[in-house]
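Listing of coords_22.txt, compact mmCIF, C-alpha atoms and all ligand atoms
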# COMPACT_ATOMS: atom_id res chain seq x y z
CA MET T 216 108.21 116.59 109.20
CA LYS T 217 107.47 118.15 105.82
CA ILE T 218 107.76 115.85 102.81
CA LEU T 219 107.34 116.79 99.17
CA VAL T 220 105.75 114.21 96.88
CA THR T 221 106.03 115.05 93.19
CA GLY T 222 103.50 113.32 90.96
CA GLY T 223 101.58 112.70 94.16
CA LEU T 224 98.22 112.36 92.45
CA GLY T 225 99.35 109.54 90.16
CA PHE T 226 98.86 105.81 90.70
CA ILE T 227 101.84 105.06 92.94
CA GLY T 228 102.12 108.63 94.24
CA SER T 229 98.58 108.78 95.62
CA HIS T 230 98.94 105.47 97.47
CA THR T 231 102.24 106.69 98.91
CA VAL T 232 100.70 109.95 100.14
CA VAL T 233 98.12 107.88 102.04
CA GLU T 234 100.83 105.76 103.69
CA LEU T 235 102.94 108.84 104.55
CA GLN T 236 99.98 110.58 106.18
CA ALA T 237 99.17 107.40 108.12
CA GLN T 238 102.68 107.64 109.59
CA GLY T 239 102.16 111.28 110.59
CA TYR T 240 104.21 113.01 107.88
CA ASP T 241 103.15 116.46 106.72
CA VAL T 242 102.81 116.01 102.95
CA ILE T 243 102.85 118.56 100.15
CA VAL T 244 101.84 117.22 96.76
CA LEU T 245 102.98 118.68 93.46
CA ASP T 246 101.43 117.48 90.23
CA ASN T 247 100.92 119.03 86.80
CA LEU T 248 97.69 117.01 86.35
CA SER T 249 98.91 115.68 82.99
CA ASN T 250 97.94 112.16 83.99
CA ALA T 251 95.82 112.65 87.11
CA THR T 252 92.77 114.52 88.33
CA LEU T 253 92.04 116.69 91.35
CA GLU T 254 89.45 114.16 92.53
CA VAL T 255 92.33 111.98 93.66
CA LEU T 256 92.77 114.49 96.50
CA ASP T 257 89.22 113.69 97.66
CA GLY T 258 90.03 109.97 97.68
CA ILE T 259 93.20 110.56 99.70
CA GLU T 260 91.30 112.79 102.13
CA LYS T 261 88.54 110.21 102.63
CA ILE T 262 91.06 107.48 103.42
CA SER T 263 93.40 109.57 105.59
CA GLY T 264 90.97 111.97 107.19
CA LYS T 265 93.42 114.63 106.04
CA ARG T 266 93.71 116.54 102.79
CA PRO T 267 97.34 116.99 101.80
CA ARG T 268 98.43 120.42 100.64
CA PHE T 269 98.50 120.56 96.86
CA GLU T 270 100.13 122.84 94.31
CA LYS T 271 99.73 122.50 90.58
CA ILE T 272 103.28 122.94 89.34
CA ASP T 273 104.95 121.65 86.21
CA LEU T 274 108.46 120.69 87.22
CA ARG T 275 109.74 121.58 83.75
CA ASP T 276 109.17 125.18 84.81
CA ARG T 277 112.47 125.87 86.54
CA THR T 278 111.37 129.26 87.88
CA ALA T 279 108.28 127.69 89.47
CA VAL T 280 110.42 124.99 91.09
CA GLN T 281 112.81 127.61 92.48
CA ALA T 282 109.92 129.70 93.78
CA PHE T 283 108.38 126.65 95.43
CA PHE T 284 111.56 125.81 97.34
CA ASN T 285 112.10 129.47 98.28
CA THR T 286 108.67 129.45 99.91
CA HIS T 287 108.91 126.00 101.48
CA THR T 288 112.35 126.11 103.06
CA ASP T 289 111.55 123.42 105.63
CA ILE T 290 111.13 120.44 103.29
CA GLU T 291 113.22 117.59 104.62
CA GLY T 292 112.48 114.83 102.16
CA VAL T 293 111.37 114.45 98.57
CA ILE T 294 109.75 111.44 96.94
CA HIS T 295 109.96 112.01 93.22
CA PHE T 296 107.32 110.20 91.15
CA ALA T 297 106.52 112.85 88.54
CA ALA T 298 107.50 111.35 85.18
CA SER T 299 106.09 110.02 81.94
CA LYS T 300 105.95 106.25 81.69
CA ALA T 301 104.51 105.06 78.36
CA VAL T 302 107.19 103.00 76.66
CA GLY T 303 105.70 103.23 73.14
CA GLU T 304 105.15 106.98 73.37
CA SER T 305 108.77 107.41 74.45
CA VAL T 306 109.94 105.67 71.28
CA GLU T 307 107.74 107.99 69.17
CA ASN T 308 108.67 111.15 71.04
CA PRO T 309 112.03 110.69 72.77
CA LEU T 310 112.71 114.36 73.50
CA LEU T 311 109.43 114.64 75.37
CA TYR T 312 110.65 111.85 77.65
CA TYR T 313 114.14 113.25 78.11
CA GLU T 314 112.66 116.64 78.94
CA ASN T 315 109.84 115.38 81.18
CA ASN T 316 111.87 112.86 83.11
CA LEU T 317 115.33 114.44 83.21
CA SER T 318 114.97 118.24 83.21
CA THR T 319 112.51 117.88 86.09
CA LEU T 320 114.96 115.71 88.04
CA ILE T 321 117.76 118.22 87.43
CA TYR T 322 115.70 121.21 88.59
CA LEU T 323 114.69 119.39 91.77
CA LEU T 324 118.24 118.33 92.56
CA GLN T 325 119.50 121.86 91.88
CA GLU T 326 117.26 123.12 94.66
CA LEU T 327 118.03 120.25 97.03
CA GLN T 328 121.77 120.60 96.70
CA LYS T 329 121.50 124.14 98.10
CA LYS T 330 120.49 122.59 101.42
CA PRO T 331 123.02 121.26 103.92
CA GLU T 332 121.13 117.97 103.88
CA ALA T 333 118.27 116.42 101.92
CA SER T 334 116.66 112.99 101.56
CA PHE T 335 115.59 111.93 98.10
CA ILE T 336 113.67 108.84 96.95
CA PHE T 337 113.69 108.07 93.24
CA SER T 338 111.25 105.91 91.26
CA SER T 339 113.31 103.65 89.08
CA SER T 340 112.33 100.46 87.30
CA CYS T 341 113.43 96.88 86.80
CA THR T 342 113.58 97.90 83.15
CA VAL T 343 117.20 98.97 83.86
CA TYR T 344 118.18 95.27 84.00
CA GLY T 345 116.85 94.49 80.51
CA GLN T 346 116.69 90.70 80.14
CA ALA T 347 118.81 89.73 83.11
CA LYS T 348 120.83 86.53 82.76
CA GLU T 349 120.00 85.24 86.22
CA MET T 350 116.65 85.00 87.99
CA PRO T 351 115.69 86.21 90.49
CA ILE T 352 117.38 89.53 89.70
CA MET T 353 119.77 90.97 92.28
CA GLU T 354 120.55 94.69 92.54
CA SER T 355 124.11 93.85 91.50
CA ALA T 356 122.94 92.50 88.13
CA PRO T 357 124.43 94.50 85.26
CA ILE T 358 122.50 97.42 83.83
CA GLN T 359 121.83 96.75 80.14
CA SER T 360 121.42 99.23 77.40
CA ALA T 361 117.83 100.46 77.45
CA PHE T 362 115.17 99.25 74.98
CA SER T 363 113.38 102.60 74.98
CA PRO T 364 113.94 106.27 75.76
CA TYR T 365 111.67 105.76 78.79
CA GLY T 366 114.00 103.06 80.13
CA ASN T 367 116.98 105.23 79.31
CA THR T 368 115.59 108.10 81.40
CA LYS T 369 115.52 105.77 84.41
CA GLN T 370 119.14 104.69 83.85
CA ILE T 371 120.36 108.24 83.27
CA GLY T 372 118.28 109.43 86.23
CA GLU T 373 120.06 106.94 88.51
CA GLU T 374 123.45 108.15 87.22
CA ILE T 375 122.58 111.82 87.71
CA ILE T 376 121.53 111.11 91.30
CA SER T 377 124.78 109.27 92.13
CA ASP T 378 126.91 112.03 90.64
CA VAL T 379 125.06 114.77 92.52
CA ALA T 380 124.85 112.90 95.84
CA ARG T 381 128.63 112.46 95.80
CA VAL T 382 129.25 116.20 95.89
CA SER T 383 126.29 117.45 97.94
CA GLY T 384 124.32 116.91 101.14
CA ILE T 385 121.78 114.83 99.24
CA ASN T 386 121.30 111.23 100.31
CA ALA T 387 119.19 109.09 98.03
CA ILE T 388 117.43 105.77 97.81
CA VAL T 389 116.64 104.42 94.36
CA LEU T 390 113.73 101.99 94.27
CA ARG T 391 113.61 99.72 91.25
CA TYR T 392 109.98 98.69 90.93
CA PHE T 393 108.86 95.49 89.33
CA ASN T 394 105.22 95.50 88.05
CA PRO T 395 102.90 97.58 90.25
CA ILE T 396 99.22 96.56 90.14
CA GLY T 397 96.07 96.67 92.28
CA ALA T 398 94.39 99.51 94.09
CA HIS T 399 93.70 100.69 97.63
CA GLU T 400 91.30 98.30 99.39
CA SER T 401 89.02 101.23 100.32
CA ASN T 402 88.28 101.55 96.59
CA LEU T 403 88.85 105.31 96.88
CA ILE T 404 92.06 105.52 94.82
CA GLY T 405 93.53 103.36 92.06
CA GLU T 406 94.97 103.41 88.57
CA LEU T 407 93.45 105.76 85.98
CA PRO T 408 94.79 104.69 82.59
CA ILE T 409 94.13 107.15 79.79
CA GLY T 410 92.95 105.58 76.52
CA VAL T 411 93.65 101.93 75.76
CA PRO T 412 95.70 100.46 78.61
CA GLN T 413 99.13 99.17 77.61
CA ASN T 414 99.72 97.29 80.85
CA LEU T 415 98.35 93.84 81.50
CA VAL T 416 96.16 94.25 84.59
CA PRO T 417 94.17 97.34 83.53
CA PHE T 418 93.63 95.66 80.16
CA ILE T 419 92.32 92.56 81.95
CA THR T 420 89.92 94.50 84.18
CA GLN T 421 88.60 96.55 81.25
CA THR T 422 88.10 93.37 79.23
CA ALA T 423 86.23 91.68 82.07
CA MET T 424 84.12 94.84 82.32
CA GLY T 425 83.20 94.51 78.65
CA LEU T 426 85.03 97.69 77.56
CA ARG T 427 87.49 95.61 75.47
CA GLN T 428 86.50 92.61 73.41
CA GLN T 429 89.31 90.35 74.47
CA LEU T 430 92.80 90.33 75.88
CA SER T 431 95.66 89.62 73.50
CA VAL T 432 98.31 87.51 75.18
CA PHE T 433 101.59 88.58 73.60
CA GLY T 434 103.35 85.32 72.75
CA ASP T 435 103.25 81.79 74.15
CA ASP T 436 106.57 80.59 72.79
CA TYR T 437 108.86 82.02 75.47
CA ASP T 438 111.11 79.77 77.48
CA THR T 439 108.95 79.87 80.62
CA VAL T 440 106.65 77.55 82.57
CA ASP T 441 103.79 77.86 80.04
CA GLY T 442 105.39 79.85 77.23
CA THR T 443 104.03 83.25 78.31
CA CYS T 444 106.17 86.02 79.82
CA VAL T 445 106.88 86.06 83.54
CA ARG T 446 106.77 89.20 85.70
CA ASP T 447 106.82 90.09 89.38
CA TYR T 448 103.47 91.76 90.11
CA ILE T 449 103.50 93.83 93.28
CA HIS T 450 100.51 95.34 95.08
CA VAL T 451 100.68 99.14 94.88
CA VAL T 452 100.06 99.47 98.64
CA ASP T 453 103.08 97.27 99.40
CA LEU T 454 105.08 99.39 96.97
CA ALA T 455 103.83 102.61 98.59
CA GLN T 456 104.91 101.35 102.01
CA ALA T 457 108.40 100.67 100.67
CA HIS T 458 108.71 104.42 100.01
CA VAL T 459 107.80 105.29 103.58
CA VAL T 460 110.32 102.78 104.96
CA ALA T 461 113.01 104.11 102.60
CA LEU T 462 112.31 107.72 103.54
CA LYS T 463 112.48 106.92 107.26
CA ARG T 464 115.79 105.14 106.71
CA LEU T 465 117.27 108.33 105.23
CA LEU T 466 115.72 110.67 107.80
CA ASP T 467 116.98 108.45 110.64
CA LYS T 468 120.41 108.37 108.97
CA LYS T 469 120.42 104.58 108.86
CA HIS T 470 121.66 104.47 105.27
CA LEU T 471 125.08 102.97 104.63
CA GLU T 472 125.87 104.75 101.36
CA LYS T 473 125.06 108.14 99.81
CA VAL T 474 122.91 106.31 97.27
CA GLU T 475 121.35 102.95 98.02
CA VAL T 476 119.45 100.84 95.50
CA PHE T 477 116.70 98.34 96.31
CA ASN T 478 114.55 96.04 94.22
CA ILE T 479 110.90 96.40 95.14
CA GLY T 480 109.01 93.30 94.13
CA THR T 481 107.49 90.22 95.71
CA GLY T 482 110.22 87.83 94.59
CA LYS T 483 107.64 85.64 92.88
CA GLY T 484 107.28 85.42 89.12
CA SER T 485 103.86 84.86 87.50
CA SER T 486 103.20 84.12 83.84
CA VAL T 487 100.52 85.96 81.86
CA LEU T 488 98.36 82.81 81.86
CA GLU T 489 98.81 82.45 85.62
CA VAL T 490 97.62 86.03 86.08
CA ILE T 491 94.58 85.35 83.91
CA ARG T 492 93.73 82.21 85.89
CA ALA T 493 94.18 83.98 89.22
CA PHE T 494 91.92 86.79 88.01
CA GLU T 495 89.24 84.32 86.91
CA LYS T 496 89.44 82.57 90.27
CA VAL T 497 89.05 85.64 92.48
CA THR T 498 86.37 87.30 90.37
CA ALA T 499 84.53 84.16 89.18
CA LYS T 500 84.49 85.74 85.72
CA LYS T 501 85.63 84.14 82.47
CA LEU T 502 88.17 86.31 80.70
CA PRO T 503 88.08 86.19 76.90
CA TYR T 504 91.62 86.06 75.51
CA GLN T 505 93.58 84.92 72.51
CA ILE T 506 97.26 84.20 72.01
CA VAL T 507 98.85 86.55 69.50
CA GLY T 508 102.44 87.28 68.42
CA ARG T 509 105.09 88.63 70.72
CA ARG T 510 105.12 92.35 71.57
CA GLU T 511 108.27 94.07 70.45
CA GLY T 512 110.60 94.94 73.29
CA ASP T 513 109.14 92.42 75.77
CA ILE T 514 111.60 90.39 77.76
CA THR T 515 111.02 86.74 78.71
CA ALA T 516 111.11 87.02 82.47
CA ALA T 517 111.81 89.48 85.27
CA TYR T 518 111.34 88.85 88.96
CA ALA T 519 113.16 90.26 91.93
CA ASN T 520 115.57 88.91 94.42
CA THR T 521 114.20 90.79 97.43
CA ASP T 522 116.83 89.78 100.01
CA LYS T 523 118.37 93.26 100.15
CA ALA T 524 114.97 94.98 100.49
CA ASN T 525 113.93 92.46 103.17
CA ASP T 526 117.17 92.36 105.19
CA VAL T 527 118.73 95.79 104.74
CA LEU T 528 115.74 98.05 104.09
CA GLY T 529 113.52 96.02 106.40
CA TRP T 530 110.56 95.91 104.04
CA LYS T 531 108.69 92.95 102.60
CA ALA T 532 105.66 92.67 100.33
CA THR T 533 102.73 91.20 102.24
CA LYS T 534 99.89 91.11 99.73
CA THR T 535 99.19 88.33 97.26
CA LEU T 536 98.62 88.44 93.52
CA GLU T 537 95.00 87.42 94.18
CA GLU T 538 94.42 90.33 96.57
CA ALA T 539 95.93 92.76 94.07
CA LEU T 540 93.76 91.45 91.24
CA LEU T 541 90.63 91.59 93.37
CA ASN T 542 91.39 95.17 94.42
CA ALA T 543 92.06 96.11 90.77
CA TRP T 544 88.73 94.55 89.78
CA ASN T 545 86.80 96.33 92.53
CA TRP T 546 88.37 99.60 91.46
CA GLU T 547 87.41 99.00 87.82
CA ASN T 548 83.82 98.40 88.96
CA LYS T 549 83.86 101.60 90.98
CA LEU T 550 85.14 103.59 87.97
CA ARG T 551 82.33 102.29 85.78
CA THR T 552 79.55 102.84 88.33
CA PRO T 553 77.94 106.22 87.77
C1 LIG X 601 105.97 97.77 81.06
C2 LIG X 601 107.12 98.43 80.37
C3 LIG X 601 108.16 98.76 81.42
C4 LIG X 601 107.55 99.69 82.44
C5 LIG X 601 106.29 99.07 83.03
C6 LIG X 601 105.57 100.12 83.84
C7 LIG X 601 107.16 97.54 78.07
C8 LIG X 601 107.85 96.65 77.10
N1 LIG X 601 107.65 97.55 79.33
O1 LIG X 601 106.43 96.58 81.70
O2 LIG X 601 109.29 99.36 80.83
O3 LIG X 601 108.48 99.94 83.47
O4 LIG X 601 105.40 98.65 81.99
O5 LIG X 601 104.42 99.62 84.41
O6 LIG X 601 106.19 98.20 77.74
N2 LIG X 601 100.74 91.61 78.17
C9 LIG X 601 99.87 90.91 77.37
N3 LIG X 601 98.80 91.56 76.84
C10 LIG X 601 98.56 92.89 77.07
C11 LIG X 601 99.45 93.60 77.89
C12 LIG X 601 100.53 92.93 78.43
O7 LIG X 601 100.06 89.72 77.13
O8 LIG X 601 97.58 93.43 76.53
C13 LIG X 601 101.88 90.92 78.77
C14 LIG X 601 103.22 91.47 78.33
O9 LIG X 601 103.69 90.80 77.20
C15 LIG X 601 104.07 91.20 79.57
C16 LIG X 601 103.09 91.23 80.74
O10 LIG X 601 101.80 91.09 80.15
O11 LIG X 601 104.58 89.91 79.50
C17 LIG X 601 103.16 92.51 81.51
O12 LIG X 601 103.06 93.59 80.62
P1 LIG X 601 102.96 95.10 81.11
O13 LIG X 601 101.90 95.22 82.13
O14 LIG X 601 102.87 95.97 79.90
O15 LIG X 601 104.32 95.34 81.86
P2 LIG X 601 105.83 95.19 81.34
O16 LIG X 601 105.91 94.99 79.89
O17 LIG X 601 106.49 94.17 82.19
Go ahead and express the file in the form of structure tokens.
Amino acid sequence: MKILVTGGLGFIGSHTVVELQAQGYDVIVLDNLSNATLEVLDGIEKISGKRPRFEKIDLRDRTAVQAFFNTHTDIEGVIHFAASKAVGESVENPLLYYENNLSTLIYLLQELQKKPEASFIFSSSCTVYGQAKEMPIMESAPIQSAFSPYGNTKQIGEEIISDVARVSGINAIVLRYFNPIGAHESNLIGELPIGVPQNLVPFITQTAMGLRQQLSVFGDDYDTVDGTCVRDYIHVVDLAQAHVVALKRLLDKKHLEKVEVFNIGTGKGSSVLEVIRAFEKVTAKKLPYQIVGRREGDITAAYANTDKANDVLGWKATKTLEEALLNAWNWENKLRTP
């Protein structure tokens, strides 16, 4: 069965390609290489024993997208990762984000709605909930107005998909990710942050590696267990497997609605200090850090209620925070070893 993975050389995309190939799917990867390198294909091939087909296409190029689907008429499912994801950059350059994340979605859906039937998996984010009133967060929690253009593209993306699915043969599953971290245990693929990492775990591993002087912990005066923000950190391999389960659900026609939404997290919240302590424990390294002021736009806490993902989707995270941090650390070591 032929499956298209857009953004398939990125962090979550590459891990998902590995899991898809392990389940026997025939994968075609599209990527514009704006935030990934061709070497990722080598990593995927070494893990899977199979090199996925790859085409360098920028999905903002509508003619290229049309030509792709005219050539590959037998694609049955699409997992759509290709998007920009830097919150700060989206505030500075909103149109770039609306174009990158929404025009690409529209062009893909335009091609898919020509088919009698298509299965579509969309990467959304827990950012759509803003600061939810109740923890853990259920899928039925209200969507709050977005803090950033990036967050807004995820909300608008979800709306576009529902509107199109209603009037076409497209069936979709929207996965709202919590905080993806870690790397494949083979150490052959992982996260490749460009420049100074904005996310916690790559900043921690680079600090432990000596590339950054110290970690700044953004605020310790939140209303949480130790004053630092709480998030639901999920191992990228668990997250990748959720995509394969979701795709199979659509292909097997097990879905109950044209568009289904699932939270993809572990259900467990960890504070920034808890993450630091867990990292120190598994790596036996002391992490230099200091408490600084809050980061603008940060919410106090976000962790998932995973009942729907567990009971309806039939997927559950299996890996621990410690495993994810150890895999992230091993990957950082690999990156820095010539
Ligand atoms: C961020 C984005 C979110 C996006 C997600 C993608 C913001 C405000 N939110 O989530 O929209 O979907 O990345 O991965 O950018 N922290 C530190 N020091 C650091 C870095 C982070 O203390 O140097 C803290 C943050 O305050 C936060 C936690 O670590 O409490 C996690 O931060 P991060 O990894 O950036 O993820 P989010 O902010 O949850």
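Distances to ligand LIG 601 (chain X) were evaluated for T:Arg391, T:Lys549, T:Lys271, T:Lys473 using only C-alpha atoms and all ligand atoms, and the minimum falls at T:Arg391.
With all atoms listed in the file as the atoms that count, the minimum distance from T:Asp241 to the choices T:Ala532, T:Val451, T:Ile218, T:Val280 is reached by T:Ile218.
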Exercise answer, 7 Å around ligand LIG 601 (chain X) with all atoms listed in the file, as a PDB file with C-alpha atoms, in the coordinates of the input:
ATOM      1  CA  LYS T 300     105.950 106.250  81.690  1.00  0.00           C
ATOM      2  CA  VAL T 302     107.190 103.000  76.660  1.00  0.00           C
ATOM      3  CA  GLY T 303     105.700 103.230  73.140  1.00  0.00           C
ATOM      4  CA  SER T 340     112.330 100.460  87.300  1.00  0.00           C
ATOM      5  CA  CYS T 341     113.430  96.880  86.800  1.00  0.00           C
ATOM      6  CA  THR T 342     113.580  97.900  83.150  1.00  0.00           C
ATOM      7  CA  GLY T 366     114.000 103.060  80.130  1.00  0.00           C
ATOM      8  CA  ASN T 394     105.220  95.500  88.050  1.00  0.00           C
ATOM      9  CA  PRO T 395     102.900  97.580  90.250  1.00  0.00           C
ATOM     10  CA  GLN T 413      99.130  99.170  77.610  1.00  0.00           C
ATOM     11  CA  ASN T 414      99.720  97.290  80.850  1.00  0.00           C
ATOM     12  CA  LEU T 415      98.350  93.840  81.500  1.00  0.00           C
ATOM     13  CA  VAL T 416      96.160  94.250  84.590  1.00  0.00           C
ATOM     14  CA  PHE T 418      93.630  95.660  80.160  1.00  0.00           C
ATOM     15  CA  LEU T 430      92.800  90.330  75.880  1.00  0.00           C
ATOM     16  CA  SER T 431      95.660  89.620  73.500  1.00  0.00           C
ATOM     17  CA  VAL T 432      98.310  87.510  75.180  1.00  0.00           C
ATOM     18  CA  PHE T 433     101.590  88.580  73.600  1.00  0.00           C
ATOM     19  CA  THR T 443     104.030  83.250  78.310  1.00  0.00           C
ATOM     20  CA  CYS T 444     106.170  86.020  79.820  1.00  0.00           C
ATOM     21  CA  VAL T 445     106.880  86.060  83.540  1.00  0.00           C
ATOM     22  CA  ARG T 446     106.770  89.200  85.700  1.00  0.00           C
ATOM     23  CA  VAL T 487     100.520  85.960  81.860  1.00  0.00           C
ATOM     24  CA  ARG T 509     105.090  88.630  70.720  1.00  0.00           C
ATOM     25  CA  ARG T 510     105.120  92.350  71.570  1.00  0.00           C
ATOM     26  CA  GLY T 512     110.600  94.940  73.290  1.00  0.00           C
ATOM     27  CA  ASP T 513     109.140  92.420  75.770  1.00  0.00           C
TER      28      ASP T 513
END
>> Rounded to one decimal, what separation in Å do you get between atom CA of T:Arg464 and atom CA of T:Lys523?
In response: 13.8 Å
> By how many Å are atom CA of T:Asn247 and atom CA of T:Gly397 apart?
Replying inline: 23.5 Å
>> Can you tell me which residues surround stretch 225-237 of chain T at a distance of at most 9 Å, considering only C-alpha atoms, apart from same-chain residues fewer than 4 positions away, and format the answer as a VMD selection string?
In response: chain T and resid 218 220 to 221 241 to 244 246 248 250 to 252 255 to 256 258 to 260 262 to 263 265 267 294 to 297 395 398 to 399 404 to 407 451 to 452 454 to 459
